[in-house]
$ cat input22.pdb   # PDB, C-alpha atoms
ATOM      1  CA  MET M   1     229.137  46.139  45.064  1.00  0.00           C
ATOM      2  CA  LYS M   2     228.299  42.649  46.270  1.00  0.00           C
ATOM      3  CA  ARG M   3     224.549  43.140  45.928  1.00  0.00           C
ATOM      4  CA  PRO M   4     224.489  43.266  42.114  1.00  0.00           C
ATOM      5  CA  SER M   5     226.450  40.018  41.874  1.00  0.00           C
ATOM      6  CA  ILE M   6     224.087  38.327  44.340  1.00  0.00           C
ATOM      7  CA  LEU M   7     221.079  39.529  42.368  1.00  0.00           C
ATOM      8  CA  ILE M   8     222.615  38.320  39.121  1.00  0.00           C
ATOM      9  CA  THR M   9     223.390  34.922  40.684  1.00  0.00           C
ATOM     10  CA  VAL M  10     219.870  34.580  42.124  1.00  0.00           C
ATOM     11  CA  GLY M  11     218.358  35.628  38.795  1.00  0.00           C
ATOM     12  CA  PHE M  12     220.518  33.144  36.895  1.00  0.00           C
ATOM     13  CA  LEU M  13     219.612  30.290  39.277  1.00  0.00           C
ATOM     14  CA  ALA M  14     215.903  31.109  39.027  1.00  0.00           C
ATOM     15  CA  ALA M  15     216.073  31.124  35.215  1.00  0.00           C
ATOM     16  CA  LEU M  16     218.024  27.858  35.214  1.00  0.00           C
ATOM     17  CA  SER M  17     215.482  26.254  37.547  1.00  0.00           C
ATOM     18  CA  LEU M  18     212.564  27.282  35.330  1.00  0.00           C
ATOM     19  CA  SER M  19     214.382  26.005  32.263  1.00  0.00           C
ATOM     20  CA  LEU M  20     215.105  22.624  33.846  1.00  0.00           C
ATOM     21  CA  THR M  21     211.521  22.337  35.092  1.00  0.00           C
ATOM     22  CA  ALA M  22     210.176  22.995  31.586  1.00  0.00           C
ATOM     23  CA  CYS M  23     212.500  20.389  30.075  1.00  0.00           C
ATOM     24  CA  ALA M  24     211.623  17.795  32.712  1.00  0.00           C
ATOM     25  CA  SER M  25     207.865  18.245  32.305  1.00  0.00           C
ATOM     26  CA  THR M  26     208.106  18.018  28.514  1.00  0.00           C
ATOM     27  CA  ALA M  27     210.154  14.835  28.690  1.00  0.00           C
ATOM     28  CA  SER M  28     207.705  13.119  31.061  1.00  0.00           C
ATOM     29  CA  GLU M  29     204.492  14.027  29.225  1.00  0.00           C
ATOM     30  CA  ALA M  30     202.898  11.087  27.423  1.00  0.00           C
ATOM     31  CA  GLU M  31     201.310  11.219  24.011  1.00  0.00           C
ATOM     32  CA  PRO M  32     197.486  11.516  23.900  1.00  0.00           C
ATOM     33  CA  VAL M  33     195.770   8.107  24.031  1.00  0.00           C
ATOM     34  CA  PRO M  34     192.684   7.699  21.827  1.00  0.00           C
ATOM     35  CA  GLY M  35     190.008   5.307  23.036  1.00  0.00           C
ATOM     36  CA  ILE M  36     189.946   1.716  21.774  1.00  0.00           C
ATOM     37  CA  TRP M  37     186.483   0.139  21.552  1.00  0.00           C
ATOM     38  CA  VAL M  38     186.127  -3.327  23.096  1.00  0.00           C
ATOM     39  CA  ASP M  39     183.261  -5.627  24.007  1.00  0.00           C
ATOM     40  CA  ALA M  40     182.348  -5.854  27.682  1.00  0.00           C
ATOM     41  CA  GLN M  41     180.894  -9.073  29.091  1.00  0.00           C
ATOM     42  CA  VAL M  42     177.385  -8.644  30.477  1.00  0.00           C
ATOM     43  CA  ASP M  43     175.843 -11.284  32.733  1.00  0.00           C
ATOM     44  CA  GLY M  44     172.627 -10.186  34.418  1.00  0.00           C
ATOM     45  CA  ASP M  45     173.422  -7.034  36.415  1.00  0.00           C
ATOM     46  CA  SER M  46     177.176  -7.615  36.181  1.00  0.00           C
ATOM     47  CA  VAL M  47     179.498  -6.102  33.549  1.00  0.00           C
ATOM     48  CA  THR M  48     183.159  -7.111  33.308  1.00  0.00           C
ATOM     49  CA  VAL M  49     186.144  -5.817  31.358  1.00  0.00           C
ATOM     50  CA  PRO M  50     189.565  -7.517  31.560  1.00  0.00           C
ATOM     51  CA  LEU M  51     192.158  -5.529  33.518  1.00  0.00           C
ATOM     52  CA  ALA M  52     194.838  -6.615  31.041  1.00  0.00           C
ATOM     53  CA  LEU M  53     193.039  -4.817  28.191  1.00  0.00           C
ATOM     54  CA  ILE M  54     192.742  -1.604  30.192  1.00  0.00           C
ATOM     55  CA  GLU M  55     196.380  -1.736  31.249  1.00  0.00           C
ATOM     56  CA  GLU M  56     197.553  -2.565  27.710  1.00  0.00           C
ATOM     57  CA  HIS M  57     195.603   0.165  25.913  1.00  0.00           C
ATOM     58  CA  SER M  58     195.260   2.744  28.760  1.00  0.00           C
ATOM     59  CA  ASN M  59     191.931   4.062  27.382  1.00  0.00           C
ATOM     60  CA  LEU M  60     189.089   1.645  26.603  1.00  0.00           C
ATOM     61  CA  HIS M  61     185.598   2.443  25.441  1.00  0.00           C
ATOM     62  CA  PHE M  62     182.726  -0.036  25.662  1.00  0.00           C
ATOM     63  CA  GLU M  63     178.933  -0.117  25.447  1.00  0.00           C
ATOM     64  CA  VAL M  64     176.181  -1.636  27.532  1.00  0.00           C
ATOM     65  CA  GLU M  65     172.661  -2.124  26.199  1.00  0.00           C
ATOM     66  CA  GLN M  66     169.946  -1.333  28.741  1.00  0.00           C
ATOM     67  CA  ASP M  67     166.206  -0.896  28.177  1.00  0.00           C
ATOM     68  CA  GLY M  68     166.670  -0.173  24.466  1.00  0.00           C
ATOM     69  CA  ARG M  69     169.481   2.320  25.044  1.00  0.00           C
ATOM     70  CA  SER M  70     173.124   1.923  24.083  1.00  0.00           C
ATOM     71  CA  LEU M  71     175.182   3.436  26.907  1.00  0.00           C
ATOM     72  CA  ALA M  72     178.874   4.169  26.317  1.00  0.00           C
ATOM     73  CA  PHE M  73     181.581   4.069  28.990  1.00  0.00           C
ATOM     74  CA  MET M  74     185.328   4.520  29.216  1.00  0.00           C
ATOM     75  CA  ALA M  75     187.908   2.883  31.450  1.00  0.00           C
ATOM     76  CA  TYR M  76     191.355   4.428  31.555  1.00  0.00           C
ATOM     77  CA  VAL M  77     194.539   4.342  33.578  1.00  0.00           C
ATOM     78  CA  LEU M  78     195.416   7.566  35.356  1.00  0.00           C
ATOM     79  CA  ASP M  79     198.315   7.853  37.796  1.00  0.00           C
ATOM     80  CA  GLY M  80     198.416   4.059  38.077  1.00  0.00           C
ATOM     81  CA  GLU M  81     194.716   3.748  38.933  1.00  0.00           C
ATOM     82  CA  ILE M  82     191.770   2.767  36.774  1.00  0.00           C
ATOM     83  CA  GLN M  83     188.951   5.257  36.304  1.00  0.00           C
ATOM     84  CA  VAL M  84     185.571   4.267  34.829  1.00  0.00           C
ATOM     85  CA  ARG M  85     183.254   7.020  33.597  1.00  0.00           C
ATOM     86  CA  ALA M  86     180.260   7.581  31.376  1.00  0.00           C
ATOM     87  CA  ASN M  87     181.435   8.205  27.817  1.00  0.00           C
ATOM     88  CA  ALA M  88     178.974  10.800  26.568  1.00  0.00           C
ATOM     89  CA  CYS M  89     179.040  14.458  25.623  1.00  0.00           C
ATOM     90  CA  PRO M  90     175.288  15.199  25.403  1.00  0.00           C
ATOM     91  CA  PRO M  91     175.207  18.582  23.616  1.00  0.00           C
ATOM     92  CA  CYS M  92     177.508  17.526  20.757  1.00  0.00           C
ATOM     93  CA  GLY M  93     176.469  13.849  20.731  1.00  0.00           C
ATOM     94  CA  SER M  94     180.015  12.469  21.011  1.00  0.00           C
ATOM     95  CA  ARG M  95     180.795   9.043  22.415  1.00  0.00           C
ATOM     96  CA  GLY M  96     184.558   9.187  22.522  1.00  0.00           C
ATOM     97  CA  PHE M  97     187.324  10.854  24.493  1.00  0.00           C
ATOM     98  CA  THR M  98     191.068  10.955  24.094  1.00  0.00           C
ATOM     99  CA  LEU M  99     193.081  10.765  27.308  1.00  0.00           C
ATOM    100  CA  ASP M 100     195.715  13.500  27.218  1.00  0.00           C
ATOM    101  CA  GLY M 101     197.645  13.466  30.481  1.00  0.00           C
ATOM    102  CA  HIS M 102     195.120  14.399  33.172  1.00  0.00           C
ATOM    103  CA  VAL M 103     192.586  15.662  30.627  1.00  0.00           C
ATOM    104  CA  LEU M 104     189.775  13.987  28.691  1.00  0.00           C
ATOM    105  CA  ASP M 105     189.409  15.641  25.274  1.00  0.00           C
ATOM    106  CA  CYS M 106     186.049  15.122  23.528  1.00  0.00           C
ATOM    107  CA  ASP M 107     186.739  13.654  20.098  1.00  0.00           C
ATOM    108  CA  ALA M 108     183.941  15.728  18.501  1.00  0.00           C
ATOM    109  CA  CYS M 109     183.849  19.188  20.114  1.00  0.00           C
ATOM    110  CA  HIS M 110     187.187  19.142  21.985  1.00  0.00           C
ATOM    111  CA  THR M 111     185.630  20.179  25.270  1.00  0.00           C
ATOM    112  CA  LEU M 112     188.139  19.345  28.005  1.00  0.00           C
ATOM    113  CA  PHE M 113     187.338  17.483  31.227  1.00  0.00           C
ATOM    114  CA  ASP M 114     189.487  16.714  34.256  1.00  0.00           C
ATOM    115  CA  ALA M 115     190.271  12.979  34.003  1.00  0.00           C
ATOM    116  CA  ARG M 116     190.673  12.753  37.805  1.00  0.00           C
ATOM    117  CA  ASP M 117     187.102  13.749  38.681  1.00  0.00           C
ATOM    118  CA  GLY M 118     185.255  14.178  35.355  1.00  0.00           C
ATOM    119  CA  SER M 119     184.578  17.895  35.862  1.00  0.00           C
ATOM    120  CA  GLY M 120     184.506  20.286  32.927  1.00  0.00           C
ATOM    121  CA  ILE M 121     187.525  22.495  32.272  1.00  0.00           C
ATOM    122  CA  GLU M 122     186.678  24.432  29.103  1.00  0.00           C
ATOM    123  CA  GLY M 123     184.626  24.143  25.924  1.00  0.00           C
ATOM    124  CA  ALA M 124     181.065  24.093  24.661  1.00  0.00           C
ATOM    125  CA  CYS M 125     179.945  21.013  26.653  1.00  0.00           C
ATOM    126  CA  VAL M 126     181.759  21.859  29.908  1.00  0.00           C
ATOM    127  CA  ASP M 127     178.531  21.729  31.954  1.00  0.00           C
ATOM    128  CA  TYR M 128     178.207  17.941  31.476  1.00  0.00           C
ATOM    129  CA  PRO M 129     180.748  16.323  33.840  1.00  0.00           C
ATOM    130  CA  LYS M 130     181.613  12.671  33.270  1.00  0.00           C
ATOM    131  CA  ALA M 131     180.160  10.689  36.177  1.00  0.00           C
ATOM    132  CA  ALA M 132     182.251   7.925  37.736  1.00  0.00           C
ATOM    133  CA  VAL M 133     181.161   4.291  37.808  1.00  0.00           C
ATOM    134  CA  PRO M 134     182.068   2.348  40.960  1.00  0.00           C
ATOM    135  CA  TYR M 135     183.721  -1.003  40.339  1.00  0.00           C
ATOM    136  CA  ASP M 136     185.416  -3.929  42.051  1.00  0.00           C
ATOM    137  CA  THR M 137     188.170  -6.153  40.771  1.00  0.00           C
ATOM    138  CA  ASP M 138     187.705  -9.903  40.547  1.00  0.00           C
ATOM    139  CA  ASP M 139     189.659 -12.619  38.789  1.00  0.00           C
ATOM    140  CA  GLY M 140     191.605 -10.252  36.515  1.00  0.00           C
ATOM    141  CA  SER M 141     188.660  -8.015  35.554  1.00  0.00           C
ATOM    142  CA  ILE M 142     186.899  -4.902  36.706  1.00  0.00           C
ATOM    143  CA  VAL M 143     183.308  -5.666  37.653  1.00  0.00           C
ATOM    144  CA  MET M 144     180.513  -3.091  37.591  1.00  0.00           C
ATOM    145  CA  SER M 145     176.763  -3.314  38.153  1.00  0.00           C
ATOM    146  CA  VAL M 146     174.492  -2.303  35.288  1.00  0.00           C
ATOM    147  CA  THR M 147     172.424  -0.319  37.790  1.00  0.00           C
ATOM    148  CA  SER M 148     175.377   1.859  38.859  1.00  0.00           C
ATOM    149  CA  MET M 149     176.414   2.262  35.207  1.00  0.00           C
ATOM    150  CA  VAL M 150     172.954   3.487  34.213  1.00  0.00           C
ATOM    151  CA  ASN M 151     172.972   5.918  37.154  1.00  0.00           C
ATOM    152  CA  ALA M 152     176.375   7.336  36.161  1.00  0.00           C
ATOM    153  CA  TYR M 153     175.343   7.616  32.518  1.00  0.00           C
ATOM    154  CA  ASP M 154     172.090   9.367  33.373  1.00  0.00           C
ATOM    155  CA  ASP M 155     173.948  11.743  35.722  1.00  0.00           C
ATOM    156  CA  THR M 156     176.234  12.675  32.817  1.00  0.00           C
ATOM    157  CA  LEU M 157     173.227  13.592  30.657  1.00  0.00           C
ATOM    158  CA  VAL M 158     172.155  16.302  33.120  1.00  0.00           C
ATOM    159  CA  ALA M 159     173.922  19.657  33.140  1.00  0.00           C
ATOM    160  CA  GLY M 160     175.480  20.477  36.447  1.00  0.00           C
TER     161      GLY M 160
END

$ encode --input "input22.pdb" --output "structure tokens"
Amino acid sequence: MKRPSILITVGFLAALSLSLTACASTASEAEPVPGIWVDAQVDGDSVTVPLALIEEHSNLHFEVEQDGRSLAFMAYVLDGEIQVRANACPPCGSRGFTLDGHVLDCDACHTLFDARDGSGIEGACVDYPKAAVPYDTDDGSIVMSVTSMVNAYDDTLVAG
């Protein structure tokens, strides 16, 4: 007779645990953060964006002009770290992503990308991962080279 009561207790505890986990994850999820367009400072091969702007808005978009092309990028805060990626969805032509937790959501076609590594998750443009741009920090700004930005942007334009 003790077995049924043990099974009921185990079942109740498992259900309670799942319920508490669901409530905790809902309470900690942040609202989606649309991109805010800002002007980056370009000086020769160096591009800078103030860290304070990235930290304040959590999802910045900016452009760099290079050889007659306007290249879009995004800088966002994810798990306390700044990520910089090409901001382009070639098949649909979008230049904007909303940061939704650990997911980048294309503002035009709603293809989803992993915000941690830029890889496609699901959607029409999933084969165009968002390439990362290496950066350094200096005097309250992130600093990137135009050359590495062009490389990341061009990598994003190629399916793979």

$ closest_residue --input "input22.pdb" --among "M:Cys106, M:Pro90, M:Val47, M:Gly160" --to "Val133 of chain M" --atoms "all atoms listed in the file"
M:Val47

$ atom_distance --input "input22.pdb" --atom1 "atom CA of Thr48 of chain M" --atom2 "atom CA of Met149 of chain M"
11.7 Å

$ resolve_selection --input "input22.pdb" --expression "the PyMOL selection byres ((chain M and resi 73) around 6)" --output "MDAnalysis selection string"
chainID M and resid 61:62 72 74 85:87

$ resolve_selection --input "input22.pdb" --expression "the PyMOL selection byres ((chain M and resi 94) around 12)" --output "list of chain:residue names"
M:Leu71, M:Ala72, M:Phe73, M:Ala86, M:Asn87, M:Ala88, M:Cys89, M:Pro90, M:Pro91, M:Cys92, M:Gly93, M:Arg95, M:Gly96, M:Phe97, M:Thr98, M:Asp105, M:Cys106, M:Asp107, M:Ala108, M:Cys109, M:His110, M:Thr111, M:Cys125, M:Tyr128, M:Leu157

$ closest_residue --input "input22.pdb" --among "M:Asn151, M:Gln66, M:Gln83, M:Thr156" --to "His102 of chain M" --atoms "all atoms listed in the file"
M:Gln83

$ residues_around --input "input22.pdb" --residues "Asp67 of chain M" --least-positions-apart "5" --cutoff "12 Å" --atoms "only C-alpha atoms" --output "PyMOL selection string"
chain M and resi 146-147+150

$ build_atoms --input "input22.pdb" --residues "segment 125-136 of chain M" --atoms "all heavy atoms" --output "short mmCIF file (atom, residue, chain, number, x, y, z; two decimals), in the frame of the given file"
data_model
loop_
_atom_site.label_atom_id
_atom_site.label_comp_id
_atom_site.auth_asym_id
_atom_site.auth_seq_id
_atom_site.Cartn_x
_atom_site.Cartn_y
_atom_site.Cartn_z
N CYS M 125 180.73 22.00 25.89
CA CYS M 125 179.94 21.01 26.65
C CYS M 125 180.43 20.87 28.10
O CYS M 125 180.17 19.87 28.75
CB CYS M 125 179.99 19.66 25.94
SG CYS M 125 179.38 19.73 24.24
N VAL M 126 181.12 21.89 28.60
CA VAL M 126 181.76 21.86 29.91
C VAL M 126 180.78 21.60 31.06
O VAL M 126 181.18 21.09 32.11
CB VAL M 126 182.57 23.16 30.13
CG1 VAL M 126 181.66 24.33 30.40
CG2 VAL M 126 183.59 22.99 31.21
N ASP M 127 179.51 21.90 30.88
CA ASP M 127 178.53 21.73 31.95
C ASP M 127 178.04 20.30 32.13
O ASP M 127 177.12 20.06 32.91
CB ASP M 127 177.33 22.65 31.72
CG ASP M 127 177.68 24.11 31.90
OD1 ASP M 127 178.61 24.42 32.68
OD2 ASP M 127 177.05 24.97 31.24
N TYR M 128 178.63 19.34 31.41
CA TYR M 128 178.21 17.94 31.48
C TYR M 128 179.36 17.07 31.97
O TYR M 128 180.01 16.36 31.19
CB TYR M 128 177.70 17.47 30.11
CG TYR M 128 176.44 18.19 29.73
CD1 TYR M 128 176.48 19.44 29.11
CD2 TYR M 128 175.20 17.65 30.03
CE1 TYR M 128 175.31 20.12 28.79
CE2 TYR M 128 174.03 18.32 29.72
CZ TYR M 128 174.10 19.56 29.10
OH TYR M 128 172.94 20.24 28.80
N PRO M 129 179.63 17.11 33.30
CA PRO M 129 180.75 16.32 33.84
C PRO M 129 180.54 14.83 33.62
O PRO M 129 179.40 14.35 33.55
CB PRO M 129 180.75 16.68 35.32
CG PRO M 129 179.42 17.28 35.60
CD PRO M 129 178.89 17.82 34.32
N LYS M 130 181.63 14.12 33.51
CA LYS M 130 181.61 12.67 33.27
C LYS M 130 181.54 11.95 34.61
O LYS M 130 182.51 11.91 35.37
CB LYS M 130 182.86 12.22 32.49
CG LYS M 130 183.15 13.03 31.23
CD LYS M 130 181.98 12.97 30.27
CE LYS M 130 181.84 14.25 29.50
NZ LYS M 130 180.51 14.73 29.34
N ALA M 131 180.39 11.35 34.89
CA ALA M 131 180.16 10.69 36.18
C ALA M 131 180.96 9.39 36.27
O ALA M 131 181.10 8.65 35.30
CB ALA M 131 178.67 10.41 36.37
N ALA M 132 181.47 9.13 37.47
CA ALA M 132 182.25 7.92 37.74
C ALA M 132 181.34 6.72 37.96
O ALA M 132 180.22 6.85 38.46
CB ALA M 132 183.14 8.13 38.95
N VAL M 133 181.85 5.56 37.58
CA VAL M 133 181.16 4.29 37.81
C VAL M 133 181.97 3.52 38.86
O VAL M 133 183.15 3.26 38.64
CB VAL M 133 181.08 3.46 36.51
CG1 VAL M 133 180.43 2.11 36.77
CG2 VAL M 133 180.33 4.21 35.42
N PRO M 134 181.34 3.16 39.97
CA PRO M 134 182.07 2.35 40.96
C PRO M 134 182.30 0.94 40.41
O PRO M 134 181.49 0.42 39.64
CB PRO M 134 181.13 2.32 42.17
CG PRO M 134 179.79 2.67 41.65
CD PRO M 134 179.99 3.48 40.40
N TYR M 135 183.42 0.35 40.80
CA TYR M 135 183.72 -1.00 40.34
C TYR M 135 184.53 -1.74 41.40
O TYR M 135 185.10 -1.15 42.30
CB TYR M 135 184.50 -0.97 39.02
CG TYR M 135 185.89 -0.40 39.13
CD1 TYR M 135 186.97 -1.23 39.45
CD2 TYR M 135 186.13 0.95 38.95
CE1 TYR M 135 188.25 -0.70 39.58
CE2 TYR M 135 187.40 1.48 39.07
CZ TYR M 135 188.46 0.65 39.39
OH TYR M 135 189.72 1.16 39.53
N ASP M 136 184.56 -3.06 41.25
CA ASP M 136 185.42 -3.93 42.05
C ASP M 136 186.32 -4.67 41.09
O ASP M 136 186.07 -4.68 39.87
CB ASP M 136 184.57 -4.94 42.85
CG ASP M 136 183.76 -4.28 43.95
OD1 ASP M 136 184.34 -3.47 44.70
OD2 ASP M 136 182.56 -4.59 44.06
#
